[in-house]
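Asker: PDB, C-alpha atoms, pLDDT in the B column, saved as structure.pdb, coming up:
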```pdb
ATOM      1  CA  MET Q   1      69.282 107.127 106.619  1.00 39.00           C
ATOM      2  CA  ALA Q   2      69.173 110.746 105.331  1.00 41.00           C
ATOM      3  CA  ILE Q   3      72.205 110.281 103.093  1.00 40.00           C
ATOM      4  CA  GLU Q   4      70.669 107.346 101.235  1.00 44.00           C
ATOM      5  CA  ARG Q   5      67.379 109.227 100.812  1.00 44.00           C
ATOM      6  CA  ALA Q   6      69.193 112.299  99.475  1.00 42.00           C
ATOM      7  CA  GLU Q   7      71.096 110.220  96.945  1.00 44.00           C
ATOM      8  CA  LYS Q   8      67.879 108.524  95.766  1.00 46.00           C
ATOM      9  CA  ILE Q   9      66.167 111.909  95.375  1.00 43.00           C
ATOM     10  CA  GLU Q  10      69.164 113.244  93.470  1.00 41.00           C
ATOM     11  CA  LEU Q  11      69.100 110.321  91.057  1.00 38.00           C
ATOM     12  CA  LYS Q  12      65.339 110.400  90.568  1.00 44.00           C
ATOM     13  CA  GLU Q  13      64.656 114.142  90.435  1.00 46.00           C
ATOM     14  CA  ARG Q  14      67.955 115.481  89.106  1.00 48.00           C
ATOM     15  CA  PRO Q  15      69.411 112.732  86.895  1.00 50.00           C
ATOM     16  CA  ASN Q  16      71.900 115.003  85.110  1.00 52.00           C
ATOM     17  CA  ARG Q  17      73.345 116.633  88.227  1.00 60.00           C
ATOM     18  CA  LYS Q  18      76.240 115.089  90.112  1.00 80.00           C
ATOM     19  CA  MET Q  19      76.657 115.357  93.846  1.00 84.00           C
ATOM     20  CA  LYS Q  20      79.384 117.693  95.048  1.00 93.00           C
ATOM     21  CA  TYR Q  21      80.945 117.909  98.504  1.00 93.00           C
ATOM     22  CA  PHE Q  22      80.847 120.963 100.784  1.00 95.00           C
ATOM     23  CA  ILE Q  23      82.159 122.078 104.161  1.00 95.00           C
ATOM     24  CA  ASP Q  24      80.085 124.677 105.965  1.00 96.00           C
ATOM     25  CA  THR Q  25      81.288 126.503 109.033  1.00 96.00           C
ATOM     26  CA  HIS Q  26      79.586 127.758 112.187  1.00 95.00           C
ATOM     27  CA  ASP Q  27      81.309 129.988 114.760  1.00 95.00           C
ATOM     28  CA  LYS Q  28      79.932 131.481 117.980  1.00 94.00           C
ATOM     29  CA  ILE Q  29      82.234 134.518 117.671  1.00 93.00           C
ATOM     30  CA  LYS Q  30      80.732 135.291 114.245  1.00 94.00           C
ATOM     31  CA  GLY Q  31      77.163 134.718 115.461  1.00 91.00           C
ATOM     32  CA  SER Q  32      76.517 131.508 113.515  1.00 90.00           C
ATOM     33  CA  PHE Q  33      76.631 129.165 116.514  1.00 90.00           C
ATOM     34  CA  PRO Q  34      74.294 129.485 119.517  1.00 87.00           C
ATOM     35  CA  ALA Q  35      75.479 131.796 122.290  1.00 86.00           C
ATOM     36  CA  GLY Q  36      76.475 130.140 125.543  1.00 84.00           C
ATOM     37  CA  GLU Q  37      77.608 126.541 125.681  1.00 83.00           C
ATOM     38  CA  LEU Q  38      75.481 124.040 123.782  1.00 86.00           C
ATOM     39  CA  SER Q  39      75.077 120.583 125.306  1.00 92.00           C
ATOM     40  CA  GLU Q  40      75.766 117.458 123.259  1.00 94.00           C
ATOM     41  CA  GLU Q  41      72.055 116.639 123.292  1.00 95.00           C
ATOM     42  CA  GLU Q  42      71.177 120.100 121.966  1.00 93.00           C
ATOM     43  CA  PHE Q  43      73.797 119.829 119.237  1.00 93.00           C
ATOM     44  CA  PHE Q  44      72.607 116.345 118.216  1.00 93.00           C
ATOM     45  CA  ALA Q  45      69.035 117.666 118.043  1.00 94.00           C
ATOM     46  CA  GLN Q  46      70.104 120.527 115.746  1.00 92.00           C
ATOM     47  CA  PHE Q  47      72.155 118.237 113.511  1.00 94.00           C
ATOM     48  CA  GLY Q  48      69.298 115.724 113.480  1.00 95.00           C
ATOM     49  CA  ALA Q  49      66.899 118.440 112.304  1.00 95.00           C
ATOM     50  CA  LEU Q  50      69.337 119.338 109.516  1.00 95.00           C
ATOM     51  CA  GLU Q  51      69.598 115.663 108.494  1.00 95.00           C
ATOM     52  CA  ALA Q  52      65.803 115.396 108.406  1.00 96.00           C
ATOM     53  CA  ALA Q  53      65.497 118.494 106.191  1.00 96.00           C
ATOM     54  CA  CYS Q  54      68.212 117.440 103.738  1.00 96.00           C
ATOM     55  CA  PRO Q  55      66.287 115.014 101.485  1.00 96.00           C
ATOM     56  CA  GLN Q  56      63.837 117.673 100.300  1.00 96.00           C
ATOM     57  CA  PHE Q  57      66.829 119.571  98.846  1.00 96.00           C
ATOM     58  CA  ALA Q  58      68.689 116.483  97.508  1.00 95.00           C
ATOM     59  CA  VAL Q  59      71.372 117.089 100.169  1.00 96.00           C
ATOM     60  CA  GLY Q  60      73.205 114.726 102.512  1.00 94.00           C
ATOM     61  CA  ALA Q  61      74.576 115.689 105.941  1.00 94.00           C
ATOM     62  CA  HIS Q  62      77.478 113.268 106.339  1.00 91.00           C
ATOM     63  CA  ALA Q  63      79.336 114.478 109.426  1.00 91.00           C
ATOM     64  CA  ALA Q  64      79.889 117.352 111.815  1.00 92.00           C
ATOM     65  CA  HIS Q  65      83.141 118.124 113.577  1.00 93.00           C
ATOM     66  CA  VAL Q  66      82.346 120.280 116.570  1.00 94.00           C
ATOM     67  CA  ASN Q  67      83.970 121.942 119.563  1.00 94.00           C
ATOM     68  CA  LEU Q  68      81.057 122.706 121.862  1.00 94.00           C
ATOM     69  CA  LYS Q  69      83.166 124.615 124.401  1.00 93.00           C
ATOM     70  CA  ASP Q  70      84.510 127.018 121.763  1.00 93.00           C
ATOM     71  CA  GLY Q  71      81.246 127.103 119.811  1.00 92.00           C
ATOM     72  CA  LYS Q  72      82.590 125.989 116.432  1.00 94.00           C
ATOM     73  CA  ALA Q  73      81.348 123.382 113.978  1.00 94.00           C
ATOM     74  CA  PHE Q  74      82.406 122.171 110.539  1.00 95.00           C
ATOM     75  CA  CYS Q  75      79.800 120.152 108.635  1.00 94.00           C
ATOM     76  CA  PHE Q  76      80.604 117.810 105.757  1.00 94.00           C
ATOM     77  CA  MET Q  77      77.701 117.837 103.319  1.00 95.00           C
ATOM     78  CA  SER Q  78      76.917 116.747  99.771  1.00 94.00           C
ATOM     79  CA  GLY Q  79      74.464 118.110  97.261  1.00 95.00           C
ATOM     80  CA  PRO Q  80      74.066 119.300  93.715  1.00 96.00           C
ATOM     81  CA  ASP Q  81      75.162 122.879  94.478  1.00 96.00           C
ATOM     82  CA  GLU Q  82      75.856 125.457  97.198  1.00 96.00           C
ATOM     83  CA  GLU Q  83      72.307 126.797  96.936  1.00 97.00           C
ATOM     84  CA  SER Q  84      70.869 123.407  97.979  1.00 96.00           C
ATOM     85  CA  ILE Q  85      73.148 123.310 101.049  1.00 97.00           C
ATOM     86  CA  ARG Q  86      72.041 126.847 101.946  1.00 96.00           C
ATOM     87  CA  LYS Q  87      68.346 125.939 101.610  1.00 97.00           C
ATOM     88  CA  ALA Q  88      68.744 122.896 103.872  1.00 97.00           C
ATOM     89  CA  HIS Q  89      70.289 125.086 106.578  1.00 96.00           C
ATOM     90  CA  GLU Q  90      67.623 127.767 106.196  1.00 95.00           C
ATOM     91  CA  ALA Q  91      64.859 125.150 106.483  1.00 96.00           C
ATOM     92  CA  VAL Q  92      65.907 124.514 110.100  1.00 94.00           C
ATOM     93  CA  HIS Q  93      66.941 128.125 110.860  1.00 92.00           C
ATOM     94  CA  LEU Q  94      70.601 127.136 111.139  1.00 91.00           C
ATOM     95  CA  THR Q  95      72.950 130.001 110.315  1.00 92.00           C
ATOM     96  CA  TYR Q  96      76.460 129.482 108.920  1.00 94.00           C
ATOM     97  CA  ASP Q  97      79.545 131.547 108.097  1.00 94.00           C
ATOM     98  CA  SER Q  98      80.535 129.974 104.833  1.00 95.00           C
ATOM     99  CA  ILE Q  99      79.828 127.101 102.490  1.00 96.00           C
ATOM    100  CA  THR Q 100      82.818 125.903 100.497  1.00 95.00           C
ATOM    101  CA  GLU Q 101      82.855 123.275  97.769  1.00 95.00           C
ATOM    102  CA  VAL Q 102      85.603 120.716  98.409  1.00 92.00           C
ATOM    103  CA  ARG Q 103      86.912 117.536  96.846  1.00 84.00           C
ATOM    104  CA  LYS Q 104      86.557 114.403  98.883  1.00 68.00           C
ATOM    105  CA  VAL Q 105      90.098 113.264  99.577  1.00 64.00           C
ATOM    106  CA  THR Q 106      91.044 110.342 101.753  1.00 68.00           C
ATOM    107  CA  GLY Q 107      94.410 109.145 102.997  1.00 63.00           C
ATOM    108  CA  ALA Q 108      94.421 106.566 100.201  1.00 58.00           C
ATOM    109  CA  ASP Q 109      94.010 109.332  97.606  1.00 56.00           C
ATOM    110  CA  MET Q 110      97.064 111.151  98.951  1.00 54.00           C
ATOM    111  CA  ARG Q 111      99.446 108.182  99.233  1.00 55.00           C
ATOM    112  CA  ILE Q 112     100.108 107.579  95.556  1.00 53.00           C
ATOM    113  CA  LYS Q 113     101.322 110.604  93.652  1.00 57.00           C
ATOM    114  CA  THR Q 114     100.618 110.647  89.934  1.00 53.00           C
ATOM    115  CA  SER Q 115     101.877 112.986  87.259  1.00 49.00           C
ATOM    116  CA  LEU Q 116      99.227 115.133  85.651  1.00 50.00           C
ATOM    117  CA  SER Q 117     100.390 114.225  82.161  1.00 46.00           C
ATOM    118  CA  GLY Q 118     100.894 110.470  82.305  1.00 53.00           C
ATOM    119  CA  GLY Q 119      98.842 109.306  85.267  1.00 52.00           C
ATOM    120  CA  GLN Q 120     101.560 106.840  86.298  1.00 48.00           C
ATOM    121  CA  PRO Q 121     102.582 106.518  89.971  1.00 47.00           C
ATOM    122  CA  LYS Q 122     105.877 108.200  90.795  1.00 46.00           C
TER     123      LYS Q 122
END
```
Would it be possible to restate this file's structure as structure tokens?
Answerer:
Amino acid sequence: MAIERAEKIELKERPNRKMKYFIDTHDKIKGSFPAGELSEEEFFAQFGALEAACPQFAVGAHAAHVNLKDGKAFCFMSGPDEESIRKAHEAVHLTYDSITEVRKVTGADMRIKTSLSGGQPK
């Protein structure tokens, strides 16, 4: 899988760099999503091409949340930096509106509140 390959490349070629998480956005209105309505097959082909390009940039394409009718997509990616995410997109001629570094937060992370000073659950 592309994610596993990207993580292996990151560990082997960039041992001192940690993976970070990113959300990149694509919007038909802003010109970063294909005009017209994309079929599921066409979208899967584009995302598959991105996944295939990711390992050469030490990037992982984890998920895409898409609304094909409205022409919007939000991709969850990981990599050493924003530049690597950008290069993976450019390698497959996939435009984007923005790339934003995010923290990976799950429901479990949000259930227990801790104080910043003591680290004890409230």
Asker: Taking only residues of range 55-92 of chain Q that have an atom at most 8 Å from an atom of range 41-50 of chain Q, what is each one's shortest atom pair and its distance in Å to one decimal, using only C-alpha atoms, in chain and number order, as a tab-separated table?
Answerer:
```
residue	atom	partner	partner_atom	distance
Q:Ala61	CA	Q:Leu50	CA	7.3
Q:Ala64	CA	Q:Phe47	CA	8.0
Q:Ala88	CA	Q:Leu50	CA	6.7
Q:His89	CA	Q:Leu50	CA	6.5
Q:Ala91	CA	Q:Leu50	CA	7.9
Q:Val92	CA	Q:Leu50	CA	6.2
```
Asker: Interatomic distance between CA of Tyr96 in chain Q and CA of Phe22 in chain Q?
Answerer: 12.6 Å
Asker: Taking all listed atoms of range 27-44 of chain Q, build the axis-aligned box, pad each of the six sides by 6 Å, then write its centre and edge lengths in Å to one decimal as lines of an AutoDock Vina configuration file.
Answerer:
```
center_x = 76.7
center_y = 125.8
center_z = 119.6
size_x = 23.1
size_y = 30.9
size_z = 24.2
```
Asker: Rank Q:Val102, Q:Ile29, Q:Val66, Q:Ala35 by their smallest atom-to-atom distance to Glu82 in chain Q, using all atoms listed in the file, and report the top residue only.
Answerer: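 Looking only at the distances to Glu82 in chain Q, the closest residue turns out to be Q:Val102.
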Asker: With only C-alpha atoms as the basis for distance, which of Q:His93, Q:Lys20, Q:Arg103, Q:Lys72 is at the shortest distance from Val59 in chain Q?
Answerer: Q:Lys20
Asker: Give me, as a list of chain:residue names, all polymer residues having an atom no more than 8 Å from Met77 in chain Q, counting only C-alpha atoms and skipping those fewer than 6 positions away in the same chain.
Answerer: Q:Tyr21, Q:Phe22, Q:Ile23, Q:Asp24, Q:Val59, Q:Gly60, Q:Ala61, Q:His62, Q:Ala63, Q:Ile85
Asker: Which neighbours of Lys28 in chain Q fall inside 12 Å, counting all atoms listed in the file, when residues of the same chain fewer than 4 positions from it are skipped, and could you give them as a PDB file with C-alpha atoms, in the frame of the given file?
Answerer:
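Here's the written file out_14.pdb:
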```pdb
ATOM      1  CA  SER Q  32      76.517 131.508 113.515  1.00 90.00           C
ATOM      2  CA  PHE Q  33      76.631 129.165 116.514  1.00 90.00           C
ATOM      3  CA  PRO Q  34      74.294 129.485 119.517  1.00 87.00           C
ATOM      4  CA  ALA Q  35      75.479 131.796 122.290  1.00 86.00           C
ATOM      5  CA  GLY Q  36      76.475 130.140 125.543  1.00 84.00           C
ATOM      6  CA  GLU Q  37      77.608 126.541 125.681  1.00 83.00           C
ATOM      7  CA  LEU Q  38      75.481 124.040 123.782  1.00 86.00           C
ATOM      8  CA  VAL Q  66      82.346 120.280 116.570  1.00 94.00           C
ATOM      9  CA  ASN Q  67      83.970 121.942 119.563  1.00 94.00           C
ATOM     10  CA  LEU Q  68      81.057 122.706 121.862  1.00 94.00           C
ATOM     11  CA  LYS Q  69      83.166 124.615 124.401  1.00 93.00           C
ATOM     12  CA  ASP Q  70      84.510 127.018 121.763  1.00 93.00           C
ATOM     13  CA  GLY Q  71      81.246 127.103 119.811  1.00 92.00           C
ATOM     14  CA  LYS Q  72      82.590 125.989 116.432  1.00 94.00           C
ATOM     15  CA  ALA Q  73      81.348 123.382 113.978  1.00 94.00           C
ATOM     16  CA  THR Q  95      72.950 130.001 110.315  1.00 92.00           C
ATOM     17  CA  TYR Q  96      76.460 129.482 108.920  1.00 94.00           C
ATOM     18  CA  ASP Q  97      79.545 131.547 108.097  1.00 94.00           C
TER      19      ASP Q  97
END
```
Asker: I'd like the contact shell of Phe57 in chain Q - 10 Å cut-off, all atoms listed in the file, skipping same-chain residues fewer than 3 positions apart - returned as an NGL selection string.
Answerer: :Q and (6 or 9-10 or 53-54 or 60 or 79-81 or 83-88 or 91)
Asker: Missing atoms in range 80-99 of chain Q: can you complete it with N, CA and C atoms, as an mmCIF file, keeping the file's coordinate frame?
Answerer:
```
data_model
loop_
_atom_site.group_PDB
_atom_site.id
_atom_site.type_symbol
_atom_site.label_atom_id
_atom_site.label_comp_id
_atom_site.auth_asym_id
_atom_site.auth_seq_id
_atom_site.Cartn_x
_atom_site.Cartn_y
_atom_site.Cartn_z
ATOM 1 N N PRO Q 80 73.810 118.911 95.098
ATOM 2 C CA PRO Q 80 74.066 119.300 93.715
ATOM 3 C C PRO Q 80 74.765 120.648 93.581
ATOM 4 N N ASP Q 81 74.557 121.550 94.568
ATOM 5 C CA ASP Q 81 75.162 122.879 94.478
ATOM 6 C C ASP Q 81 75.105 123.567 95.849
ATOM 7 N N GLU Q 82 75.808 124.693 95.939
ATOM 8 C CA GLU Q 82 75.856 125.457 97.198
ATOM 9 C C GLU Q 82 74.468 125.933 97.612
ATOM 10 N N GLU Q 83 73.651 126.307 96.652
ATOM 11 C CA GLU Q 83 72.307 126.797 96.936
ATOM 12 C C GLU Q 83 71.474 125.748 97.679
ATOM 13 N N SER Q 84 71.603 124.483 97.311
ATOM 14 C CA SER Q 84 70.869 123.407 97.979
ATOM 15 C C SER Q 84 71.315 123.250 99.426
ATOM 16 N N ILE Q 85 72.617 123.381 99.678
ATOM 17 C CA ILE Q 85 73.148 123.310 101.049
ATOM 18 C C ILE Q 85 72.583 124.470 101.864
ATOM 19 N N ARG Q 86 72.568 125.658 101.267
ATOM 20 C CA ARG Q 86 72.041 126.847 101.946
ATOM 21 C C ARG Q 86 70.566 126.649 102.306
ATOM 22 N N LYS Q 87 69.778 126.131 101.367
ATOM 23 C CA LYS Q 87 68.346 125.939 101.610
ATOM 24 C C LYS Q 87 68.096 124.927 102.731
ATOM 25 N N ALA Q 88 68.903 123.877 102.799
ATOM 26 C CA ALA Q 88 68.744 122.896 103.872
ATOM 27 C C ALA Q 88 68.990 123.545 105.230
ATOM 28 N N HIS Q 89 70.013 124.379 105.325
ATOM 29 C CA HIS Q 89 70.289 125.086 106.578
ATOM 30 C C HIS Q 89 69.149 126.048 106.929
ATOM 31 N N GLU Q 90 68.693 126.800 105.945
ATOM 32 C CA GLU Q 90 67.623 127.767 106.196
ATOM 33 C C GLU Q 90 66.335 127.081 106.636
ATOM 34 N N ALA Q 91 66.088 125.875 106.132
ATOM 35 C CA ALA Q 91 64.859 125.150 106.483
ATOM 36 C C ALA Q 91 64.764 124.869 107.975
ATOM 37 N N VAL Q 92 65.905 124.776 108.650
ATOM 38 C CA VAL Q 92 65.907 124.514 110.100
ATOM 39 C C VAL Q 92 66.456 125.710 110.882
ATOM 40 N N HIS Q 93 66.505 126.870 110.234
ATOM 41 C CA HIS Q 93 66.941 128.125 110.860
ATOM 42 C C HIS Q 93 68.347 127.995 111.450
ATOM 43 N N LEU Q 94 69.227 127.343 110.697
ATOM 44 C CA LEU Q 94 70.601 127.136 111.139
ATOM 45 C C LEU Q 94 71.510 128.059 110.332
ATOM 46 N N THR Q 95 72.077 129.058 111.010
ATOM 47 C CA THR Q 95 72.950 130.001 110.315
ATOM 48 C C THR Q 95 74.333 129.386 110.122
ATOM 49 N N TYR Q 96 75.113 129.959 109.229
ATOM 50 C CA TYR Q 96 76.460 129.482 108.920
ATOM 51 C C TYR Q 96 77.310 130.670 108.508
ATOM 52 N N ASP Q 97 78.628 130.489 108.540
ATOM 53 C CA ASP Q 97 79.545 131.547 108.097
ATOM 54 C C ASP Q 97 79.857 131.416 106.626
ATOM 55 N N SER Q 98 80.152 130.192 106.226
ATOM 56 C CA SER Q 98 80.535 129.974 104.833
ATOM 57 C C SER Q 98 80.166 128.567 104.410
ATOM 58 N N ILE Q 99 80.014 128.410 103.108
ATOM 59 C CA ILE Q 99 79.828 127.101 102.490
ATOM 60 C C ILE Q 99 80.869 127.027 101.379
#
```
